[in-house]
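Novice: Got a structure for you, written out below as structure tokens; questions coming shortly.
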Amino acid sequence: MSNSILSATRLNVSYGSQAVLRDIDFSLDPTEICGIIGPNGAGKTTLLRSLYGLLRPRGGRICVEGQDITEKGVRERLERRISYVPQERSVFPNLTVIENLDLAVDALPASRQSGREAQKELVLELFPRLKERNQQLAGTMSGGEQRMVAIAIGLMSQPRVLLLDEPTTGLAPQVVHNLMDVIKRLNRDCGIATVIVEQNILSTAKIADRIYIVKDGRGSEFQGSPSQLTKQQIMECL
């Protein structure tokens with residue numbers, strides 16, 4: 001894991017007395033897209049929330065480029081240019097698209113607020129639909145458009161690492177295709193290492209460099225390219 005931009009070693013996370021993650025080992029290379037798949041309740045979202053500092057582990061280590069940040073919170077992750085887009089609606093519905101993006105920057109540590117206008121322009125170029133509707137209230141947009149706004153908010157921190165929790169949930173197939181294409185371009189053109197937790201296994205497999213399976217709170221022995229996934233492994237994750 002020495003070359004990883006983000007890693008976890010023997011990570012244990014609990015909700016109260018209930019253990020959710022048990023001895024998870026995970027690593028993310030600086031240039032890759034890693035898809036995390038597994039059945040409902042396996043602990044995939046818990047892993048993302050732990051990596052982002054929203055949950056404190058009971059054991060194990062989380063490191064960014066080899067530096068231990070296990071006991072640090074979200075602010076430290078933002079300082080180190082890690083961004084998280086949760087599954088639940090994470091836009092301000094009564095604000096316009098532009099106001100959502102500006103507010104996202106206002107919430108950042110001062111050290112991460114430079115280059116606001118250039119980043120806003122880059123983000124809107126990635127999402128032409130949002131550029132067309134930048135003065136529209138986010139709450140009046142479609143589900144797919146709101147997911148785009150949520151990801152755009154995450155990008156305003158100029159991340160090196162983007163953590164996405166089920167970004168395609170409830171979206172039409174064509175919207176899913178478009179969104180996955182943007183995620184791939186962010187990785188390829190902007191160099192953003194990305195972790196995607198998804199139930200849409202086939203769409204994830206099309207853009208991921210590596211698949212990591214979580215089952216029953218444990219990391220699977222399988223960590224490999226999407227082409228190595230067996231039909232049985234896919235069925236076990238549904």
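Letters A, B, ... mark the chains of the structure tokens in the order given; residue numbers begin at 1 per chain; ligand numbers begin at 1, in order shown.
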Using only C-alpha atoms, determine which residues lie at most 8 Å from Arg147 (chain A), disregarding the query and same-chain residues fewer than 4 positions distant; provide the list as a tab-separated table (two decimals) with N, CA, C and O atoms, in the first residue's frame.
Specialist:
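This is the output file selection-v7.tsv:
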chain	number	residue	atom	x	y	z
A	89	ARG	N	-29.80	12.81	-1.04
A	89	ARG	CA	-29.80	14.12	-1.71
A	89	ARG	C	-28.91	15.08	-0.94
A	89	ARG	O	-29.06	15.30	0.25
A	143	GLY	N	-34.07	14.12	-11.11
A	143	GLY	CA	-33.19	13.35	-10.24
A	143	GLY	C	-31.78	13.24	-10.79
A	143	GLY	O	-30.79	13.39	-10.05
A	151	ILE	N	-22.47	15.95	-7.55
A	151	ILE	CA	-21.08	15.65	-7.92
A	151	ILE	C	-20.32	16.93	-8.20
A	151	ILE	O	-19.15	17.07	-7.81
A	167	PRO	N	-23.95	6.69	-7.02
A	167	PRO	CA	-24.36	7.89	-7.77
A	167	PRO	C	-25.48	7.66	-8.78
A	167	PRO	O	-26.13	8.61	-9.20
A	168	THR	N	-25.73	6.40	-9.19
A	168	THR	CA	-26.71	6.16	-10.24
A	168	THR	C	-28.07	5.70	-9.72
A	168	THR	O	-28.96	5.39	-10.51
Novice: I'd like the neighbourhood of region 62-74 of chain A as a JSON list (two decimals) with C-alpha atoms, in the first residue's frame, where a residue qualifies if any of its atoms comes within 8 Å (using only C-alpha atoms), though same-chain residues fewer than 6 positions away should be ignored.
Specialist:
[["chain", "number", "residue", "atom", "x", "y", "z"],
["A", 2, "SER", "CA", 3.05, 2.30, 0.04],
["A", 3, "ASN", "CA", 2.15, 3.79, -3.35],
["A", 4, "SER", "CA", -1.50, 4.32, -2.45],
["A", 5, "ILE", "CA", -3.04, 7.76, -2.30],
["A", 6, "LEU", "CA", -5.62, 6.44, 0.19],
["A", 7, "SER", "CA", -5.53, 3.23, 2.21],
["A", 8, "ALA", "CA", -7.08, 1.41, 5.14],
["A", 9, "THR", "CA", -5.42, -1.37, 7.13],
["A", 11, "LEU", "CA", -10.15, -1.35, 9.64],
["A", 51, "LEU", "CA", -12.47, 6.83, 4.74],
["A", 52, "TYR", "CA", -13.95, 10.36, 4.71],
["A", 53, "GLY", "CA", -13.78, 10.75, 8.48],
["A", 54, "LEU", "CA", -17.52, 10.76, 9.18],
["A", 56, "ARG", "CA", -14.23, 6.88, 13.63],
["A", 80, "ARG", "CA", -5.85, 16.70, 1.71]]
Novice: Could you give me, as a PyMOL selection string, each residue of region 8-209 of chain A that DSSP assigns to strand (DSSP E) when run on this structure's backbone?
Specialist: chain A and resi 8-15+18-28+33-37+59-64+67-68+82-85+161-165+193-197
Novice: Mind giving me the straight-line distance from CA of Leu163 (chain A) to CA of Leu48 (chain A) in Å, one decimal?
Specialist: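 These atoms are spaced 6.8 Å apart.
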Novice: Using only C-alpha atoms, find the one residue out of A:Arg160, A:Arg210, A:Arg185, A:Arg218 that sits nearest to Ser27 (chain A).
Specialist: A:Arg210
Novice: If you count only C-alpha atoms, which residues fall within 8 Å of Glu79 (chain A), apart from same-chain ones fewer than 6 positions away, as a ChimeraX atom specification?
Specialist: /A:109,111-112
Novice: Among the residues of region 60-217 of chain A, find those DSSP assigns to helix (DSSP H, G or I) from the backbone and print them as a PyMOL selection string.
Specialist: chain A and resi 74-79+97-106+110-112+116-126+128-132+138-140+143-155+173-190+201-207
